[in-house]
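Enquirer: My file is entry00.txt. It has compact mmCIF, C-alpha atoms:
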# COMPACT_ATOMS: atom_id res chain seq x y z
CA MET F 1 65.39 52.95 52.97
CA HIS F 2 67.15 49.60 53.04
CA GLY F 3 66.41 46.92 50.49
CA ASP F 4 64.97 44.63 53.17
CA GLY F 5 62.14 47.05 53.82
CA HIS F 6 63.33 47.90 57.31
CA HIS F 7 63.17 51.52 58.40
CA PRO F 8 66.12 51.99 60.78
CA HIS F 9 65.30 55.60 61.69
CA GLN F 10 61.96 54.40 63.00
CA GLY F 11 63.67 52.21 65.58
CA GLU F 12 62.37 54.21 68.52
CA PHE F 13 58.78 53.54 67.46
CA GLY F 14 57.11 50.19 67.92
CA ILE F 15 54.16 51.34 65.83
CA LEU F 16 53.88 54.09 63.24
CA ILE F 17 50.53 54.74 61.58
CA GLU F 18 50.65 57.30 58.78
CA GLN F 19 47.49 58.69 57.16
CA PHE F 20 45.71 55.36 57.52
CA THR F 21 42.26 55.36 55.93
CA LYS F 22 39.96 52.37 55.51
CA ARG F 23 36.75 52.56 53.49
CA TYR F 24 34.10 49.90 53.01
CA ASP F 25 32.10 50.99 49.97
CA ASP F 26 30.80 54.41 51.03
CA ILE F 27 31.49 53.95 54.76
CA VAL F 28 34.73 55.41 56.09
CA ALA F 29 35.69 53.14 59.02
CA VAL F 30 38.94 55.02 59.77
CA ASN F 31 39.75 58.45 58.41
CA ASP F 32 43.36 59.69 58.06
CA LEU F 33 44.72 58.23 61.30
CA ASN F 34 48.23 59.20 62.41
CA LEU F 35 49.83 57.66 65.50
CA GLU F 36 53.38 57.22 66.80
CA ILE F 37 53.80 54.73 69.62
CA ARG F 38 57.23 54.30 71.14
CA ARG F 39 58.99 51.18 72.25
CA GLY F 40 58.43 50.76 75.96
CA GLU F 41 55.01 52.42 75.82
CA LEU F 42 51.59 51.08 76.77
CA PHE F 43 49.07 52.83 74.55
CA THR F 44 45.34 52.39 74.97
CA PHE F 45 42.93 53.02 72.13
CA LEU F 46 39.47 54.07 73.27
CA GLY F 47 36.25 54.73 71.43
CA PRO F 48 32.59 53.79 71.26
CA ASN F 49 31.55 50.67 69.34
CA GLY F 50 32.01 51.17 65.62
CA ALA F 51 34.56 53.96 66.14
CA GLY F 52 37.29 52.23 64.12
CA LYS F 53 39.30 50.51 66.85
CA THR F 54 39.03 46.95 65.55
CA THR F 55 39.57 48.10 61.94
CA THR F 56 42.85 49.74 63.01
CA ILE F 57 43.92 46.66 64.94
CA LYS F 58 43.15 44.33 62.04
CA ALA F 59 45.18 46.55 59.71
CA LEU F 60 48.12 46.55 62.15
CA ALA F 61 47.95 42.77 62.37
CA GLY F 62 47.95 42.54 58.56
CA LEU F 63 44.44 41.10 58.33
CA ILE F 64 42.95 43.89 56.21
CA ARG F 65 44.48 46.17 53.61
CA PRO F 66 44.41 49.93 54.07
CA THR F 67 42.55 52.00 51.49
CA ALA F 68 45.27 54.62 51.94
CA GLY F 69 48.26 55.30 54.19
CA ARG F 70 50.67 52.87 55.78
CA LEU F 71 51.24 51.01 59.03
CA ILE F 72 54.75 50.20 60.23
CA VAL F 73 55.28 47.68 63.04
CA ALA F 74 58.72 47.18 64.62
CA GLY F 75 60.21 49.00 61.62
CA TYR F 76 58.45 46.90 58.95
CA ASP F 77 55.68 48.06 56.65
CA VAL F 78 52.83 45.63 57.29
CA GLN F 79 51.65 45.80 53.66
CA HIS F 80 54.99 45.33 51.95
CA HIS F 81 56.76 43.08 54.46
CA PRO F 82 53.93 41.13 56.11
CA VAL F 83 56.03 38.13 57.15
CA GLU F 84 58.72 40.25 58.82
CA ALA F 85 56.09 42.39 60.56
CA LYS F 86 53.97 39.46 61.76
CA ARG F 87 57.00 37.69 63.20
CA ARG F 88 57.38 40.64 65.58
CA ILE F 89 53.72 40.92 66.56
CA GLY F 90 51.85 39.19 69.35
CA PHE F 91 48.19 39.54 68.35
CA ILE F 92 45.33 38.91 70.78
CA PRO F 93 42.02 39.34 68.90
CA ASP F 94 38.65 39.90 70.55
CA HIS F 95 37.20 36.70 69.05
CA PRO F 96 40.12 34.31 68.73
CA TYR F 97 39.85 31.26 66.53
CA LEU F 98 41.00 28.11 68.31
CA TYR F 99 41.25 24.52 67.12
CA GLU F 100 38.63 22.88 69.35
CA LYS F 101 39.97 19.36 68.81
CA LEU F 102 43.49 20.17 70.01
CA SER F 103 44.54 20.26 73.63
CA GLY F 104 45.81 23.54 75.06
CA ALA F 105 49.38 22.18 75.00
CA ASP F 106 49.06 20.94 71.41
CA PHE F 107 47.73 24.30 70.27
CA PHE F 108 50.63 26.05 72.03
CA HIS F 109 53.13 23.80 70.20
CA PHE F 110 51.29 24.15 66.88
CA VAL F 111 51.69 27.95 66.98
CA GLY F 112 55.21 27.67 68.38
CA ASP F 113 56.24 25.55 65.40
CA LEU F 114 54.65 28.08 63.02
CA PHE F 115 56.89 30.75 64.56
CA SER F 116 59.93 28.40 64.50
CA VAL F 117 60.33 28.65 68.27
CA PRO F 118 62.57 25.77 69.45
CA ARG F 119 60.66 23.07 71.35
CA LYS F 120 62.76 23.57 74.50
CA VAL F 121 61.86 27.28 74.55
CA GLN F 122 58.21 26.43 73.85
CA GLU F 123 58.17 24.07 76.85
CA GLU F 124 59.73 26.69 79.15
CA ARG F 125 57.32 29.41 78.09
CA MET F 126 54.30 27.15 78.17
CA HIS F 127 55.18 26.11 81.70
CA HIS F 128 55.65 29.76 82.69
CA TYR F 129 52.38 31.11 81.22
CA PHE F 130 50.24 28.09 82.08
CA GLU F 131 51.42 28.29 85.69
CA LEU F 132 50.80 32.05 85.74
CA PHE F 133 47.24 31.69 84.42
CA GLY F 134 46.36 28.47 86.24
CA LEU F 135 46.07 26.46 83.02
CA THR F 136 48.55 23.70 83.89
CA SER F 137 45.88 21.20 84.95
CA ALA F 138 43.98 21.84 81.70
CA ALA F 139 47.02 21.63 79.38
CA ASP F 140 46.06 18.18 78.08
CA LYS F 141 42.32 18.79 77.90
CA LEU F 142 40.71 19.56 74.54
CA ILE F 143 40.04 23.25 73.92
CA GLU F 144 36.37 22.47 73.22
CA ASN F 145 36.06 21.84 76.97
CA TYR F 146 37.65 25.19 77.95
CA SER F 147 35.56 27.99 79.44
CA HIS F 148 35.62 31.42 77.81
CA GLY F 149 38.12 32.69 80.39
CA MET F 150 40.44 29.70 79.89
CA ARG F 151 40.37 30.23 76.13
CA GLN F 152 41.37 33.86 76.58
CA LYS F 153 44.23 32.93 78.88
CA LEU F 154 45.42 30.34 76.36
CA VAL F 155 45.33 32.94 73.55
CA VAL F 156 47.37 35.42 75.63
CA SER F 157 49.92 32.70 76.48
CA VAL F 158 50.26 31.71 72.82
CA ALA F 159 50.52 35.32 71.62
CA LEU F 160 53.48 36.00 73.93
CA MET F 161 55.27 32.73 73.32
CA HIS F 162 57.51 33.93 70.47
CA ASP F 163 58.58 36.97 72.55
CA PRO F 164 57.11 39.59 70.18
CA GLU F 165 58.36 43.19 70.07
CA VAL F 166 54.87 44.60 69.60
CA ILE F 167 51.77 43.29 71.38
CA ILE F 168 48.41 44.22 69.86
CA VAL F 169 45.37 43.43 71.94
CA ASP F 170 41.68 43.90 71.13
CA GLU F 171 39.44 44.03 74.21
CA PRO F 172 41.49 41.64 76.35
CA LEU F 173 39.55 41.67 79.62
CA VAL F 174 36.07 40.70 78.45
CA GLY F 175 34.99 37.66 80.43
CA LEU F 176 38.10 37.42 82.59
CA ASP F 177 37.67 37.09 86.34
CA PRO F 178 39.28 39.81 88.52
CA LYS F 179 42.35 37.73 89.35
CA SER F 180 43.07 36.93 85.69
CA SER F 181 42.46 40.57 84.74
CA ARG F 182 45.02 41.65 87.32
CA ILE F 183 47.55 39.09 86.04
CA LEU F 184 47.01 40.28 82.46
CA LYS F 185 47.39 43.96 83.39
CA ASP F 186 50.60 43.21 85.30
CA LEU F 187 51.85 41.13 82.38
CA MET F 188 51.28 44.00 79.92
CA ARG F 189 53.08 46.49 82.19
CA GLU F 190 55.92 43.98 82.51
CA GLN F 191 56.21 43.73 78.70
CA VAL F 192 56.51 47.51 78.51
CA ARG F 193 59.24 47.49 81.17
CA LEU F 194 61.10 45.03 78.91
CA GLY F 195 60.97 47.64 76.12
CA LYS F 196 58.07 46.14 74.18
CA THR F 197 55.25 48.19 72.66
CA VAL F 198 51.73 47.37 73.83
CA PHE F 199 48.73 48.62 71.84
CA LEU F 200 45.54 47.91 73.74
CA SER F 201 42.01 48.57 72.52
CA LEU F 202 39.69 48.86 75.50
CA HIS F 203 36.13 49.49 76.58
CA GLN F 204 36.96 49.64 80.27
CA LEU F 205 38.02 53.26 80.76
CA ALA F 206 38.99 52.67 84.38
CA VAL F 207 41.56 50.12 83.19
CA ALA F 208 43.00 52.58 80.68
CA GLU F 209 43.24 55.16 83.44
CA GLU F 210 45.08 52.65 85.60
CA ILE F 211 47.66 51.24 83.17
CA ALA F 212 48.08 53.48 80.10
CA ASP F 213 51.09 55.68 79.42
CA ARG F 214 49.06 57.50 76.76
CA ILE F 215 45.56 57.22 75.40
CA GLY F 216 44.03 57.81 71.99
CA ILE F 217 40.33 58.49 71.61
CA ILE F 218 38.74 57.64 68.28
CA HIS F 219 35.15 58.42 67.31
CA LYS F 220 33.47 57.69 63.98
CA GLY F 221 36.82 56.83 62.46
CA ARG F 222 38.58 60.06 63.48
CA LEU F 223 41.18 60.55 66.18
CA LEU F 224 39.81 63.14 68.61
CA PHE F 225 42.65 63.13 71.09
CA VAL F 226 46.02 61.55 71.76
CA GLY F 227 48.11 62.17 74.86
CA THR F 228 48.24 61.54 78.59
CA LEU F 229 45.26 61.66 80.91
CA GLU F 230 46.71 64.85 82.38
CA GLU F 231 46.80 66.46 78.93
CA LEU F 232 43.19 65.43 78.35
CA ARG F 233 42.20 67.08 81.63
CA MET F 234 44.00 70.26 80.60
CA ARG F 235 42.30 70.23 77.25
CA GLN F 236 38.83 69.71 78.74
CA GLN F 237 39.74 72.16 81.50
CA ARG F 238 38.64 69.99 84.39
CA SER F 239 40.10 67.26 86.57
CA ALA F 240 37.45 64.56 86.10
CA ASP F 241 38.08 60.86 85.69
CA LEU F 242 38.67 59.43 82.24
CA GLU F 243 35.10 58.16 81.81
CA ASP F 244 33.62 61.64 82.31
CA LEU F 245 36.19 63.25 80.01
CA PHE F 246 35.66 60.59 77.36
CA LEU F 247 31.87 60.99 77.38
CA GLU F 248 32.22 64.76 77.29
CA LEU F 249 34.65 64.69 74.37
CA THR F 250 32.59 62.26 72.27
CA ALA F 251 29.39 64.21 73.04
CA GLU F 252 31.08 67.46 71.93
CA GLU F 253 32.00 65.76 68.70
CA GLU F 254 28.37 64.65 68.20
CA GLU F 255 27.20 68.26 68.65
CA ASN F 256 29.94 69.94 66.61
CA PRO F 257 31.38 67.43 64.14
CA GLN F 258 32.84 70.26 62.09
CA SER F 259 34.76 71.82 64.97
CA ARG F 260 37.72 69.56 64.04
CA LEU F 261 39.63 70.02 67.26
CA PRO F 262 43.32 69.31 66.88
CA ALA F 263 44.09 65.73 67.93
CA LYS F 264 47.43 66.73 69.40
CA PRO F 265 47.34 68.47 72.78
CA VAL F 266 47.75 72.19 72.39
CA ALA F 267 50.66 73.61 74.36
Could I get this file's structure written as C-alpha cells?
Expert:
Amino acid sequence: MHGDGHHPHQGEFGILIEQFTKRYDDIVAVNDLNLEIRRGELFTFLGPNGAGKTTTIKALAGLIRPTAGRLIVAGYDVQHHPVEAKRRIGFIPDHPYLYEKLSGADFFHFVGDLFSVPRKVQEERMHHYFELFGLTSAADKLIENYSHGMRQKLVVSVALMHDPEVIIVDEPLVGLDPKSSRILKDLMREQVRLGKTVFLSLHQLAVAEEIADRIGIIHKGRLLFVGTLEELRMRQQRSADLEDLFLELTAEEEENPQSRLPAKPVA
C-alpha cells in the first residue's frame, strides 16, 4: 500500500465494500456486507425500507462511520482518506439540503468553488445540465421558490459538476416527472459508458430491471443476492420479472432467516 492511502491494485473497482457492519446500539443496520463494483458498471441496490440501503450509502459518502469493515471509493479508503475519496464522489442524497436563499446558479457556483472547479468549467457545465433539465429559466430564481422536481434536478446537476469517478445516488426518481426520469436514466447510463461507477439505491424495481448491469438485494441488513437479473432468475428457477423475484426472495428470507443462502450466484 502506498503512503498516500491509494490502493492501485483496486483500480478496476469503483467501489469496494469489505465486511461492512453498522450497528446502532443493539440494532444491526448492515451486517457484514461485501460488494465489488467495477468501473463502468451501473449497480442498483434494492431492498425494502429499513433494509440498510441508506446506511450503506451514507457510509460510502463518508457521512457515517462503520462499526466494522471498510469502504473504498475510487481506490481511497473513505475512513482514512475522506478528502481524497469525497473529491471523486458525486453524491445525490434522498433528502438533499439546499440553501434556500441562494439562486440555483449561485448554489452551483458555491459547490463548484468548494470542489475547486475553475469558473469557466463551472459555467460550461451549468449551461449543459441546466439546459438538459430545463432549469435555465430558473437559474437566477431563489431555491426556496423551486418545486421538488426542480430541486432534485439542481442536486443532480451539482453532483455531476466536478466530473466525479463514482456517482452514488439514493432514490433519485422520487417526485420526478416521466421526462426528467428518462433524462436522469440516460444520464446515468452515459456516465457508465464514460467509465464511471454508478451506485443507485432504488425502490422502483422496473427501473432497476431497465438500466442495471447488476443488482444487489439487501434485506434486514444482509445481502441476499448479488448478480445479474438472469442469474437471479436461474437462482429462483423461474423467468419472472424482477418485482416478482424480489418479493419471492425477501418472503423466503422472512420464512427461513436461518437458511443463509449464499449471496453469490451458485454456478
Enquirer: Measuring between all atoms listed in the file, which one of F:Val117, F:Met161, F:Leu102, F:Val226 shows the shortest distance to Tyr129 of chain F?
Expert: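 Ranked by minimum distance to Tyr129 of chain F, first place goes to F:Met161.
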Enquirer: Can you pull out every residue within 9 Å of Phe13 of chain F, counting only C-alpha atoms, but drop anything in the same chain fewer than 6 positions away, and send it as an NGL selection string?
Expert: :F and (36-40 or 72-75 or 197)
Enquirer: Quick one: of F:Asp25, F:Ile215, F:Leu42, F:Gln237, who's nearest to Leu194 of chain F, counting only C-alpha atoms?
Expert: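 Using only C-alpha atoms, the shortest distance to Leu194 of chain F belongs to F:Leu42.
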Enquirer: So which one's closest to Phe130 of chain F, F:Gly104, F:Gly175, F:Gly69, F:Gly149? Using only C-alpha atoms, please.
Expert: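 Using only C-alpha atoms, Phe130 of chain F sits closest to F:Gly104.
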Enquirer: Counting only C-alpha atoms, I want the residues whose atoms come within 9 Å of (46.6, 35.7, 75.1) in the file frame, returned as a list in words.
Expert: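 Output: Gly90, Phe91, Ile92, Pro93, Arg151, Gln152, Lys153, Leu154, Val155, Val156, Ser157, Val158, Ala159, Leu160, Val169, Pro172 and Leu184 of chain F.
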Enquirer: Taking into account all atoms listed in the file, which residue in the set F:Leu135, F:Val78, F:Ile183, F:Leu200 is nearest to Ile64 of chain F?
Expert: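 Selected residue with least distance to Ile64 of chain F: F:Val78.
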Enquirer: Residues proximal to (55.9, 42.7, 76.6) were defined as those with any atom within 8 Å of that point in the file's coordinates, counting all atoms listed in the file. Which are they, as JSON, numbers by chain?
Expert: {"F": [160, 163, 164, 165, 166, 167, 187, 188, 189, 190, 191, 192, 193, 194, 195, 196, 197, 198]}
Enquirer: So that I can check the surroundings of segment 176-182 of chain F, please list as a list of chain:residue names every protein, DNA and RNA residue that reaches within 7 Å of it, counting all atoms listed in the file and ignoring chain neighbours fewer than 3 positions away.
Expert: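 What passes the distance filter is F:Phe133, F:Gly149, F:Leu173, F:Lys185, F:Asp186.
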Enquirer: Between atom CA of Arg235 of chain F and atom CA of Lys220 of chain F, measure the distance and give it in Å to one decimal.
Expert: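 So the two atoms, atom CA of Arg235 of chain F and atom CA of Lys220 of chain F, lie 20.3 Å apart.
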Enquirer: Using only C-alpha atoms, which of F:Ser239, F:Gln79, F:Gln122, F:Ser103 sits nearest Ser137 of chain F?
Expert: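 Counting only C-alpha atoms, the residue closest to Ser137 of chain F is F:Ser103.
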Enquirer: Using only C-alpha atoms, determine which residues lie at most 12 Å from Asp106 of chain F, disregarding the query and same-chain residues fewer than 3 positions distant; provide the list as a ChimeraX atom specification.
Expert: /F:98-103,109-113,119,122-123,126,138-143,154,158
Enquirer: One number please: atom CA of Asp170 of chain F to atom CA of Leu16 of chain F, in Å, one decimal.
Expert: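 Taking atom CA of Asp170 of chain F as the start and atom CA of Leu16 of chain F as the end point, the length is 17.7 Å.
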Enquirer: Could you list, as a PyMOL selection string, every residue within 6 Å of Gly52 of chain F, counting all atoms listed in the file and ignoring same-chain residues fewer than 6 positions away?
Expert: chain F and resi 29-30+221
Enquirer: Please produce an output containing C-alpha atoms for each residue in the selection, written as a PDB file, keeping the file's coordinate frame.
Expert:
ATOM      1  CA  ALA F  29      35.690  53.140  59.020  1.00  0.00           C
ATOM      2  CA  VAL F  30      38.940  55.020  59.770  1.00  0.00           C
ATOM      3  CA  GLY F 221      36.820  56.830  62.460  1.00  0.00           C
TER       4      GLY F 221
END
Enquirer: Taking all atoms listed in the file into account, which of F:Glu131, F:Asp213, F:Glu252, F:Asp26 comes nearest Phe43 of chain F?
Expert: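 Smallest separation from Phe43 of chain F among the options: F:Asp213.
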Enquirer: Please compute the atom CA of Ala251 of chain F-atom CA of His219 of chain F distance, one decimal, in Å.
Expert: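 Taking atom CA of Ala251 of chain F and atom CA of His219 of chain F, their separation equals 10.0 Å.
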Enquirer: Tell me, as a ChimeraX atom specification, which residues lie within 8 Å of segment 20-24 of chain F, counting only C-alpha atoms; anything in the same chain fewer than 2 positions away does not count.
Expert: /F:17-18,26-34,55,65-71
Enquirer: Output C-alpha atoms for every residue in the selection just made, as an mmCIF file, in the coordinates of the input.
Expert:
data_model
loop_
_atom_site.group_PDB
_atom_site.id
_atom_site.type_symbol
_atom_site.label_atom_id
_atom_site.label_comp_id
_atom_site.auth_asym_id
_atom_site.auth_seq_id
_atom_site.Cartn_x
_atom_site.Cartn_y
_atom_site.Cartn_z
ATOM 1 C CA ILE F 17 50.530 54.740 61.580
ATOM 2 C CA GLU F 18 50.650 57.300 58.780
ATOM 3 C CA ASP F 26 30.800 54.410 51.030
ATOM 4 C CA ILE F 27 31.490 53.950 54.760
ATOM 5 C CA VAL F 28 34.730 55.410 56.090
ATOM 6 C CA ALA F 29 35.690 53.140 59.020
ATOM 7 C CA VAL F 30 38.940 55.020 59.770
ATOM 8 C CA ASN F 31 39.750 58.450 58.410
ATOM 9 C CA ASP F 32 43.360 59.690 58.060
ATOM 10 C CA LEU F 33 44.720 58.230 61.300
ATOM 11 C CA ASN F 34 48.230 59.200 62.410
ATOM 12 C CA THR F 55 39.570 48.100 61.940
ATOM 13 C CA ARG F 65 44.480 46.170 53.610
ATOM 14 C CA PRO F 66 44.410 49.930 54.070
ATOM 15 C CA THR F 67 42.550 52.000 51.490
ATOM 16 C CA ALA F 68 45.270 54.620 51.940
ATOM 17 C CA GLY F 69 48.260 55.300 54.190
ATOM 18 C CA ARG F 70 50.670 52.870 55.780
ATOM 19 C CA LEU F 71 51.240 51.010 59.030
#
